[in-house]
>>> print(open('coords13.pdb').read())   # PDB, C-alpha atoms and all ligand atoms
ATOM      1  CA  MET A 742      -6.729 -26.174 -15.245  1.00  0.00           C
ATOM      2  CA  SER A 743      -7.441 -25.695 -11.526  1.00  0.00           C
ATOM      3  CA  GLU A 744      -5.733 -22.769  -9.826  1.00  0.00           C
ATOM      4  CA  SER A 745      -3.451 -24.941  -7.682  1.00  0.00           C
ATOM      5  CA  GLN A 746      -1.992 -26.692 -10.760  1.00  0.00           C
ATOM      6  CA  ILE A 747      -0.602 -23.499 -12.253  1.00  0.00           C
ATOM      7  CA  ASN A 748       3.186 -23.236 -12.306  1.00  0.00           C
ATOM      8  CA  PHE A 749       3.575 -19.457 -12.188  1.00  0.00           C
ATOM      9  CA  LYS A 750       7.206 -19.637 -13.314  1.00  0.00           C
ATOM     10  CA  ASP A 751       5.963 -20.793 -16.731  1.00  0.00           C
ATOM     11  CA  TYR A 752       4.224 -17.420 -17.110  1.00  0.00           C
ATOM     12  CA  ILE A 753       7.220 -15.239 -16.209  1.00  0.00           C
ATOM     13  CA  ARG A 754       9.585 -14.213 -19.009  1.00  0.00           C
ATOM     14  CA  VAL A 755      13.274 -13.754 -18.213  1.00  0.00           C
ATOM     15  CA  ILE A 756      15.004 -11.076 -20.301  1.00  0.00           C
ATOM     16  CA  PRO A 757      18.807 -10.991 -20.106  1.00  0.00           C
ATOM     17  CA  ASP A 758      20.729  -7.725 -19.793  1.00  0.00           C
ATOM     18  CA  PHE A 759      17.745  -5.483 -18.986  1.00  0.00           C
ATOM     19  CA  PRO A 760      17.830  -2.680 -17.890  1.00  0.00           C
ATOM     20  CA  GLN A 761      21.611  -3.128 -17.555  1.00  0.00           C
ATOM     21  CA  PRO A 762      24.161  -5.741 -18.661  1.00  0.00           C
ATOM     22  CA  GLY A 763      24.229  -8.648 -16.216  1.00  0.00           C
ATOM     23  CA  ILE A 764      20.665  -8.216 -14.895  1.00  0.00           C
ATOM     24  CA  ARG A 765      18.265 -11.062 -15.704  1.00  0.00           C
ATOM     25  CA  PHE A 766      14.977  -9.170 -15.671  1.00  0.00           C
ATOM     26  CA  LYS A 767      11.891 -11.090 -14.527  1.00  0.00           C
ATOM     27  CA  ASP A 768       9.114  -9.778 -16.755  1.00  0.00           C
ATOM     28  CA  ILE A 769       5.638 -10.323 -15.266  1.00  0.00           C
ATOM     29  CA  THR A 770       3.699  -8.785 -18.177  1.00  0.00           C
ATOM     30  CA  THR A 771       3.470 -12.296 -19.650  1.00  0.00           C
ATOM     31  CA  LEU A 772       1.608 -13.419 -16.522  1.00  0.00           C
ATOM     32  CA  LEU A 773      -0.531 -10.280 -16.194  1.00  0.00           C
ATOM     33  CA  LYS A 774      -1.936 -10.641 -19.725  1.00  0.00           C
ATOM     34  CA  ASP A 775      -3.258 -14.125 -18.904  1.00  0.00           C
ATOM     35  CA  GLY A 776      -6.501 -13.632 -16.955  1.00  0.00           C
ATOM     36  CA  PRO A 777      -6.743 -17.056 -15.273  1.00  0.00           C
ATOM     37  CA  ALA A 778      -3.037 -17.088 -14.317  1.00  0.00           C
ATOM     38  CA  TYR A 779      -3.176 -13.522 -12.941  1.00  0.00           C
ATOM     39  CA  ARG A 780      -6.317 -14.292 -10.958  1.00  0.00           C
ATOM     40  CA  ALA A 781      -4.835 -17.570  -9.666  1.00  0.00           C
ATOM     41  CA  ALA A 782      -1.679 -15.796  -8.492  1.00  0.00           C
ATOM     42  CA  ILE A 783      -3.665 -13.206  -6.538  1.00  0.00           C
ATOM     43  CA  GLU A 784      -5.904 -15.920  -5.099  1.00  0.00           C
ATOM     44  CA  GLU A 785      -2.911 -17.993  -3.984  1.00  0.00           C
ATOM     45  CA  MET A 786      -1.404 -14.951  -2.282  1.00  0.00           C
ATOM     46  CA  ARG A 787      -4.750 -14.130  -0.647  1.00  0.00           C
ATOM     47  CA  LYS A 788      -5.005 -17.645   0.788  1.00  0.00           C
ATOM     48  CA  ALA A 789      -1.452 -17.465   2.125  1.00  0.00           C
ATOM     49  CA  VAL A 790      -2.035 -14.203   4.037  1.00  0.00           C
ATOM     50  CA  GLU A 791      -5.716 -14.159   4.967  1.00  0.00           C
ATOM     51  CA  HIS A 792      -5.024 -15.428   8.512  1.00  0.00           C
ATOM     52  CA  LEU A 793      -2.947 -12.324   9.311  1.00  0.00           C
ATOM     53  CA  LYS A 794      -5.954 -10.093  10.137  1.00  0.00           C
ATOM     54  CA  ILE A 795      -4.841  -7.405   7.718  1.00  0.00           C
ATOM     55  CA  ASP A 796      -6.331  -3.895   7.886  1.00  0.00           C
ATOM     56  CA  VAL A 797      -4.573  -2.481   4.856  1.00  0.00           C
ATOM     57  CA  VAL A 798      -2.233  -3.582   2.052  1.00  0.00           C
ATOM     58  CA  ALA A 799       0.635  -1.251   1.096  1.00  0.00           C
ATOM     59  CA  GLY A 800       2.532  -1.623  -2.175  1.00  0.00           C
ATOM     60  CA  PRO A 801       5.271   0.323  -3.992  1.00  0.00           C
ATOM     61  CA  GLU A 802       4.890   1.841  -7.437  1.00  0.00           C
ATOM     62  CA  ALA A 803       4.569   0.623 -10.123  1.00  0.00           C
ATOM     63  CA  ARG A 804       4.577  -3.157 -10.228  1.00  0.00           C
ATOM     64  CA  GLY A 805       3.632  -3.342  -6.552  1.00  0.00           C
ATOM     65  CA  PHE A 806       0.317  -1.752  -7.554  1.00  0.00           C
ATOM     66  CA  VAL A 807      -0.620  -4.542  -9.980  1.00  0.00           C
ATOM     67  CA  ILE A 808      -0.113  -7.085  -7.197  1.00  0.00           C
ATOM     68  CA  GLY A 809      -1.012  -5.098  -4.065  1.00  0.00           C
ATOM     69  CA  ALA A 810      -4.252  -3.473  -5.241  1.00  0.00           C
ATOM     70  CA  PRO A 811      -5.971  -6.667  -6.482  1.00  0.00           C
ATOM     71  CA  LEU A 812      -4.735  -8.478  -3.368  1.00  0.00           C
ATOM     72  CA  ALA A 813      -6.303  -5.764  -1.177  1.00  0.00           C
ATOM     73  CA  LEU A 814      -9.540  -6.074  -3.156  1.00  0.00           C
ATOM     74  CA  ALA A 815      -9.513  -9.868  -2.755  1.00  0.00           C
ATOM     75  CA  LEU A 816      -8.962  -9.466   1.011  1.00  0.00           C
ATOM     76  CA  GLY A 817     -11.660  -6.781   1.260  1.00  0.00           C
ATOM     77  CA  VAL A 818      -9.290  -4.171   2.729  1.00  0.00           C
ATOM     78  CA  GLY A 819      -7.904  -0.822   1.575  1.00  0.00           C
ATOM     79  CA  PHE A 820      -4.717  -0.149  -0.370  1.00  0.00           C
ATOM     80  CA  ALA A 821      -2.020   2.400   0.567  1.00  0.00           C
ATOM     81  CA  PRO A 822       0.182   3.386  -2.404  1.00  0.00           C
ATOM     82  CA  ILE A 823       3.908   3.876  -1.864  1.00  0.00           C
ATOM     83  CA  ARG A 824       5.058   6.164  -4.662  1.00  0.00           C
ATOM     84  CA  LYS A 825       8.268   7.494  -6.115  1.00  0.00           C
ATOM     85  CA  SER A 826       9.029  11.018  -4.886  1.00  0.00           C
ATOM     86  CA  GLY A 827       7.056  13.946  -6.313  1.00  0.00           C
ATOM     87  CA  LYS A 828       3.900  12.027  -7.309  1.00  0.00           C
ATOM     88  CA  LEU A 829       1.670  12.260  -4.222  1.00  0.00           C
ATOM     89  CA  PRO A 830      -0.297  15.510  -3.861  1.00  0.00           C
ATOM     90  CA  GLY A 831      -0.854  15.566  -0.077  1.00  0.00           C
ATOM     91  CA  GLU A 832       1.549  15.775   2.863  1.00  0.00           C
ATOM     92  CA  THR A 833       4.163  13.022   2.618  1.00  0.00           C
ATOM     93  CA  ILE A 834       7.072  11.364   4.359  1.00  0.00           C
ATOM     94  CA  GLU A 835       9.983  10.198   2.172  1.00  0.00           C
ATOM     95  CA  ALA A 836      12.997   7.864   2.296  1.00  0.00           C
ATOM     96  CA  SER A 837      15.768   7.105  -0.229  1.00  0.00           C
ATOM     97  CA  TYR A 838      17.046   3.609  -1.078  1.00  0.00           C
ATOM     98  CA  ASP A 839      19.288   1.534  -3.410  1.00  0.00           C
ATOM     99  CA  LEU A 840      18.003  -0.912  -6.041  1.00  0.00           C
ATOM    100  CA  GLU A 841      19.605  -3.861  -7.876  1.00  0.00           C
ATOM    101  CA  TYR A 842      20.060  -1.331 -10.715  1.00  0.00           C
ATOM    102  CA  GLY A 843      19.939   2.178  -9.298  1.00  0.00           C
ATOM    103  CA  LYS A 844      18.756   4.541  -6.578  1.00  0.00           C
ATOM    104  CA  ASP A 845      15.361   6.101  -5.833  1.00  0.00           C
ATOM    105  CA  VAL A 846      13.178   7.896  -3.262  1.00  0.00           C
ATOM    106  CA  LEU A 847       9.848   6.509  -1.992  1.00  0.00           C
ATOM    107  CA  ALA A 848       7.010   8.498  -0.419  1.00  0.00           C
ATOM    108  CA  MET A 849       3.721   7.879   1.382  1.00  0.00           C
ATOM    109  CA  HIS A 850       0.872  10.167   2.308  1.00  0.00           C
ATOM    110  CA  LYS A 851       1.011  10.864   6.043  1.00  0.00           C
ATOM    111  CA  ASP A 852      -2.667   9.875   6.368  1.00  0.00           C
ATOM    112  CA  SER A 853      -2.430   6.661   4.307  1.00  0.00           C
ATOM    113  CA  ILE A 854      -1.939   4.453   7.396  1.00  0.00           C
ATOM    114  CA  GLN A 855      -3.558   4.978  10.787  1.00  0.00           C
ATOM    115  CA  PRO A 856      -1.439   4.289  13.898  1.00  0.00           C
ATOM    116  CA  GLY A 857      -1.948   0.676  15.008  1.00  0.00           C
ATOM    117  CA  GLN A 858      -3.258  -0.587  11.653  1.00  0.00           C
ATOM    118  CA  ARG A 859      -2.102  -4.086  10.657  1.00  0.00           C
ATOM    119  CA  VAL A 860      -0.296  -3.701   7.335  1.00  0.00           C
ATOM    120  CA  LEU A 861       0.654  -6.295   4.703  1.00  0.00           C
ATOM    121  CA  ILE A 862       3.341  -5.163   2.257  1.00  0.00           C
ATOM    122  CA  ALA A 863       2.934  -6.526  -1.255  1.00  0.00           C
ATOM    123  CA  ASP A 864       5.126  -6.265  -4.343  1.00  0.00           C
ATOM    124  CA  ASP A 865       5.767  -8.182  -7.545  1.00  0.00           C
ATOM    125  CA  LEU A 866       9.365  -9.018  -6.652  1.00  0.00           C
ATOM    126  CA  LEU A 867      11.795  -9.189  -3.736  1.00  0.00           C
ATOM    127  CA  ALA A 868      15.383  -8.648  -4.940  1.00  0.00           C
ATOM    128  CA  THR A 869      17.887  -6.875  -2.663  1.00  0.00           C
ATOM    129  CA  GLY A 870      15.045  -5.950  -0.308  1.00  0.00           C
ATOM    130  CA  GLY A 871      15.866  -2.229  -0.548  1.00  0.00           C
ATOM    131  CA  THR A 872      12.384  -1.276  -1.728  1.00  0.00           C
ATOM    132  CA  ILE A 873      10.681  -3.298   0.966  1.00  0.00           C
ATOM    133  CA  ALA A 874      13.028  -2.216   3.767  1.00  0.00           C
ATOM    134  CA  THR A 875      12.318   1.402   2.803  1.00  0.00           C
ATOM    135  CA  SER A 876       8.582   0.720   2.639  1.00  0.00           C
ATOM    136  CA  ILE A 877       8.729  -0.860   6.108  1.00  0.00           C
ATOM    137  CA  ASN A 878      10.571   2.175   7.427  1.00  0.00           C
ATOM    138  CA  LEU A 879       7.872   4.533   6.039  1.00  0.00           C
ATOM    139  CA  ILE A 880       4.953   2.426   7.310  1.00  0.00           C
ATOM    140  CA  ARG A 881       6.483   2.173  10.784  1.00  0.00           C
ATOM    141  CA  GLN A 882       7.074   5.949  10.866  1.00  0.00           C
ATOM    142  CA  LEU A 883       3.320   6.305  10.297  1.00  0.00           C
ATOM    143  CA  GLY A 884       2.600   3.962  13.213  1.00  0.00           C
ATOM    144  CA  GLY A 885       1.572   0.930  11.133  1.00  0.00           C
ATOM    145  CA  GLU A 886       2.289  -2.601  12.354  1.00  0.00           C
ATOM    146  CA  ILE A 887       3.786  -4.787   9.596  1.00  0.00           C
ATOM    147  CA  VAL A 888       2.133  -8.196   9.914  1.00  0.00           C
ATOM    148  CA  GLY A 889       3.581  -9.809   6.782  1.00  0.00           C
ATOM    149  CA  SER A 890       4.876  -9.429   3.251  1.00  0.00           C
ATOM    150  CA  ALA A 891       3.812 -11.057  -0.016  1.00  0.00           C
ATOM    151  CA  PHE A 892       5.610 -11.275  -3.362  1.00  0.00           C
ATOM    152  CA  LEU A 893       4.964 -12.983  -6.646  1.00  0.00           C
ATOM    153  CA  ILE A 894       8.718 -13.517  -7.142  1.00  0.00           C
ATOM    154  CA  GLU A 895      11.695 -13.814  -4.803  1.00  0.00           C
ATOM    155  CA  LEU A 896      15.283 -13.619  -6.095  1.00  0.00           C
ATOM    156  CA  SER A 897      16.752 -15.664  -3.258  1.00  0.00           C
ATOM    157  CA  TYR A 898      20.358 -15.169  -4.480  1.00  0.00           C
ATOM    158  CA  LEU A 899      20.052 -11.463  -3.571  1.00  0.00           C
ATOM    159  CA  THR A 900      19.059 -12.363   0.032  1.00  0.00           C
ATOM    160  CA  GLY A 901      16.471  -9.563   0.353  1.00  0.00           C
ATOM    161  CA  ARG A 902      14.602 -11.702   2.886  1.00  0.00           C
ATOM    162  CA  GLU A 903      17.365 -10.968   5.418  1.00  0.00           C
ATOM    163  CA  LYS A 904      16.340  -7.284   5.417  1.00  0.00           C
ATOM    164  CA  LEU A 905      12.855  -8.249   6.594  1.00  0.00           C
ATOM    165  CA  GLY A 906      13.983  -9.545  10.006  1.00  0.00           C
ATOM    166  CA  ASP A 907      11.244 -11.696  11.495  1.00  0.00           C
ATOM    167  CA  ILE A 908       8.476 -10.438   9.193  1.00  0.00           C
ATOM    168  CA  ASP A 909       6.641 -13.336   7.475  1.00  0.00           C
ATOM    169  CA  VAL A 910       7.491 -13.636   3.761  1.00  0.00           C
ATOM    170  CA  VAL A 911       5.188 -15.269   1.210  1.00  0.00           C
ATOM    171  CA  SER A 912       6.539 -15.730  -2.351  1.00  0.00           C
ATOM    172  CA  LEU A 913       4.967 -17.802  -5.123  1.00  0.00           C
ATOM    173  CA  VAL A 914       8.042 -18.214  -7.353  1.00  0.00           C
ATOM    174  CA  THR A 915      11.710 -18.375  -6.326  1.00  0.00           C
ATOM    175  CA  TYR A 916      14.833 -18.023  -8.511  1.00  0.00           C
TER     176      TYR A 916
HETATM  177  O1  LIG A1001      14.224  -5.731  -3.669  1.00  0.00           O
HETATM  178  P1  LIG A1001      14.717  -4.590  -4.482  1.00  0.00           P
HETATM  179  O2  LIG A1001      16.164  -4.703  -4.865  1.00  0.00           O
HETATM  180  O3  LIG A1001      14.400  -3.268  -3.892  1.00  0.00           O
HETATM  181  O4  LIG A1001      13.992  -4.657  -5.902  1.00  0.00           O
HETATM  182  C1  LIG A1001      12.636  -4.944  -6.065  1.00  0.00           C
HETATM  183  C2  LIG A1001      11.882  -3.778  -6.624  1.00  0.00           C
HETATM  184  O5  LIG A1001      12.390  -3.438  -7.921  1.00  0.00           O
HETATM  185  C3  LIG A1001      11.316  -3.330  -8.836  1.00  0.00           C
HETATM  186  O6  LIG A1001      10.761  -2.062  -8.861  1.00  0.00           O
HETATM  187  P2  LIG A1001      11.389  -0.816  -9.634  1.00  0.00           P
HETATM  188  O7  LIG A1001      11.975   0.109  -8.635  1.00  0.00           O
HETATM  189  O8  LIG A1001      12.245  -1.299 -10.760  1.00  0.00           O
HETATM  190  O9  LIG A1001      10.116  -0.035 -10.152  1.00  0.00           O
HETATM  191  P3  LIG A1001       8.838  -0.368 -11.064  1.00  0.00           P
HETATM  192  O10 LIG A1001       7.948  -1.267 -10.262  1.00  0.00           O
HETATM  193  O11 LIG A1001       8.256   0.990 -11.240  1.00  0.00           O
HETATM  194  O12 LIG A1001       9.295  -1.021 -12.345  1.00  0.00           O
HETATM  195  C4  LIG A1001      10.299  -4.314  -8.291  1.00  0.00           C
HETATM  196  O13 LIG A1001       8.995  -4.045  -8.759  1.00  0.00           O
HETATM  197  C5  LIG A1001      10.421  -4.139  -6.803  1.00  0.00           C
HETATM  198  O14 LIG A1001       9.625  -3.093  -6.302  1.00  0.00           O
HETATM  199  N1  LIG A1002      15.989  -8.912 -11.780  1.00  0.00           N
HETATM  200  C1  LIG A1002      14.875  -8.180 -11.685  1.00  0.00           C
HETATM  201  N2  LIG A1002      13.830  -8.412 -12.507  1.00  0.00           N
HETATM  202  C2  LIG A1002      12.705  -7.680 -12.417  1.00  0.00           C
HETATM  203  N3  LIG A1002      12.537  -6.705 -11.540  1.00  0.00           N
HETATM  204  C3  LIG A1002      13.533  -6.445 -10.688  1.00  0.00           C
HETATM  205  N4  LIG A1002      13.652  -5.546  -9.684  1.00  0.00           N
HETATM  206  C4  LIG A1002      14.873  -5.680  -9.141  1.00  0.00           C
HETATM  207  N5  LIG A1002      15.559  -6.658  -9.740  1.00  0.00           N
HETATM  208  C5  LIG A1002      14.736  -7.150 -10.721  1.00  0.00           C
END
>>> encode(input="coords13.pdb", output="structure tokens")
Amino acid sequence: MSESQINFKDYIRVIPDFPQPGIRFKDITTLLKDGPAYRAAIEEMRKAVEHLKIDVVAGPEARGFVIGAPLALALGVGFAPIRKSGKLPGETIEASYDLEYGKDVLAMHKDSIQPGQRVLIADDLLATGGTIATSINLIRQLGGEIVGSAFLIELSYLTGREKLGDIDVVSLVTY
């Protein structure tokens, strides 16, 4: 099957009531374990963002790493990890945020983005947009310019896109 014929939704498993009653969890492990589908997803994202002249991709732990790091590699640029608090060993900046099912704190190394760098934010999924809004806040504090965002999945009913203002949003699958 050629890459463009893949319907990525067919590879995503929906698990009801995880991690809490009422949440329909979009499980990407069923896509990740399929080499051609995983590669095709990254390639489709790469094609959608390559015109943005990206210097660095930033992605939040943990599922943002399995999308952001291969996307950075495919683009030939570096990757800046955005981690949950207490995991990064160097000097960090931090910000707290709300999730569809909880609360957390994100951190970045102060030297992970150079002022003026053109940054693409990548994650597996855009839900309420809390994770990405917090990531944007951290990257901007470091002087990075956000030139776009890329997601495998967008939960449009949670309207996370509205938190991104006029930042370009690429998503391969929408619910
Ligand atoms: O748009 P939002 O409402 O912020 O939700 C989206 C975020 O939620 C999930 O991460 P989670 O914090 O569950 O962490 P994980 O990747 O470590 O599983 C997902 O990977 C996104 O990063
Ligand atoms: N419904 C959902 N499925 C998978 N990951 C999520 N992160 C936030 N909401 C989610």
>>> resolve_selection(input="coords13.pdb", expression="the PyMOL selection byres (((not hetatm)) within 8 of (chain A and resi 1001))", output="PyMOL selection string")
chain A and resi 801-805+838-842+845+864-874+899+901
>>> axis_aligned_box(input="coords13.pdb", around="ligand LIG 1002 (chain A)", padding_each_side="3 Å", output="JSON")
{"center_x": 14.3, "center_y": -7.2, "center_z": -10.8, "size_x": 9.5, "size_y": 9.4, "size_z": 9.4}
>>> resolve_selection(input="coords13.pdb", expression="the PyMOL selection byres (((chain A and resi 756-772) around 10) and not hetatm)", output="JSON list (two decimals) with C-alpha atoms, in the coordinates of the input")
[["chain", "number", "residue", "atom", "x", "y", "z"],
["A", 749, "PHE", "CA", 3.58, -19.46, -12.19],
["A", 750, "LYS", "CA", 7.21, -19.64, -13.31],
["A", 751, "ASP", "CA", 5.96, -20.79, -16.73],
["A", 752, "TYR", "CA", 4.22, -17.42, -17.11],
["A", 753, "ILE", "CA", 7.22, -15.24, -16.21],
["A", 754, "ARG", "CA", 9.59, -14.21, -19.01],
["A", 755, "VAL", "CA", 13.27, -13.75, -18.21],
["A", 773, "LEU", "CA", -0.53, -10.28, -16.19],
["A", 774, "LYS", "CA", -1.94, -10.64, -19.73],
["A", 775, "ASP", "CA", -3.26, -14.12, -18.90],
["A", 776, "GLY", "CA", -6.50, -13.63, -16.95],
["A", 777, "PRO", "CA", -6.74, -17.06, -15.27],
["A", 778, "ALA", "CA", -3.04, -17.09, -14.32],
["A", 779, "TYR", "CA", -3.18, -13.52, -12.94],
["A", 780, "ARG", "CA", -6.32, -14.29, -10.96],
["A", 782, "ALA", "CA", -1.68, -15.80, -8.49],
["A", 804, "ARG", "CA", 4.58, -3.16, -10.23],
["A", 841, "GLU", "CA", 19.60, -3.86, -7.88],
["A", 842, "TYR", "CA", 20.06, -1.33, -10.72],
["A", 843, "GLY", "CA", 19.94, 2.18, -9.30],
["A", 865, "ASP", "CA", 5.77, -8.18, -7.54],
["A", 866, "LEU", "CA", 9.36, -9.02, -6.65],
["A", 893, "LEU", "CA", 4.96, -12.98, -6.65],
["A", 894, "ILE", "CA", 8.72, -13.52, -7.14],
["A", 896, "LEU", "CA", 15.28, -13.62, -6.10],
["A", 916, "TYR", "CA", 14.83, -18.02, -8.51]]
>>> resolve_selection(input="coords13.pdb", expression="the PyMOL selection byres (((chain A and resi 846-851) around 9) and not hetatm)", output="PyMOL selection string")
chain A and resi 801-802+821-839+844-845+852-855+872+875-876+879-880+883
>>> residues_around(input="coords13.pdb", residues="A:Ala891", least_positions_apart="6", cutoff="8 Å", atoms="only C-alpha atoms", output="JSON list (two decimals) with C-alpha atoms, keeping the file's coordinate frame")
[["chain", "number", "residue", "atom", "x", "y", "z"],
["A", 786, "MET", "CA", -1.40, -14.95, -2.28],
["A", 790, "VAL", "CA", -2.04, -14.20, 4.04],
["A", 861, "LEU", "CA", 0.65, -6.30, 4.70],
["A", 862, "ILE", "CA", 3.34, -5.16, 2.26],
["A", 863, "ALA", "CA", 2.93, -6.53, -1.25],
["A", 864, "ASP", "CA", 5.13, -6.26, -4.34],
["A", 910, "VAL", "CA", 7.49, -13.64, 3.76],
["A", 911, "VAL", "CA", 5.19, -15.27, 1.21],
["A", 912, "SER", "CA", 6.54, -15.73, -2.35]]
>>> residues_around(input="coords13.pdb", residues="A:Gly817", least_positions_apart="5", cutoff="12 Å", atoms="all atoms listed in the file", output="list of chain:residue names")
A:Arg787, A:Glu791, A:Lys794, A:Ile795, A:Asp796, A:Val797, A:Val798, A:Ala810, A:Pro811, A:Leu812
>>> closest_residue(input="coords13.pdb", among="A:Leu793, A:Gly889, A:Tyr898, A:Leu913", to="ligand LIG 1002 (chain A)", atoms="only C-alpha atoms and all ligand atoms")
A:Tyr898
>>> atom_distance(input="coords13.pdb", atom1="atom CA of A:Pro856", atom2="atom CA of A:Gly809")
20.3 Å
>>> closest_residue(input="coords13.pdb", among="A:Val860, A:Ala815, A:Ile747, A:Leu905", to="A:Ala799", atoms="only C-alpha atoms")
A:Val860
>>> closest_residue(input="coords13.pdb", among="A:Ser890, A:Asn748, A:Gln858, A:Asn878", to="A:Asp909", atoms="all atoms listed in the file")
A:Ser890
>>> atom_distance(input="coords13.pdb", atom1="atom CA of A:Ala813", atom2="atom N3 of ligand LIG 1002 (chain A)")
21.5 Å
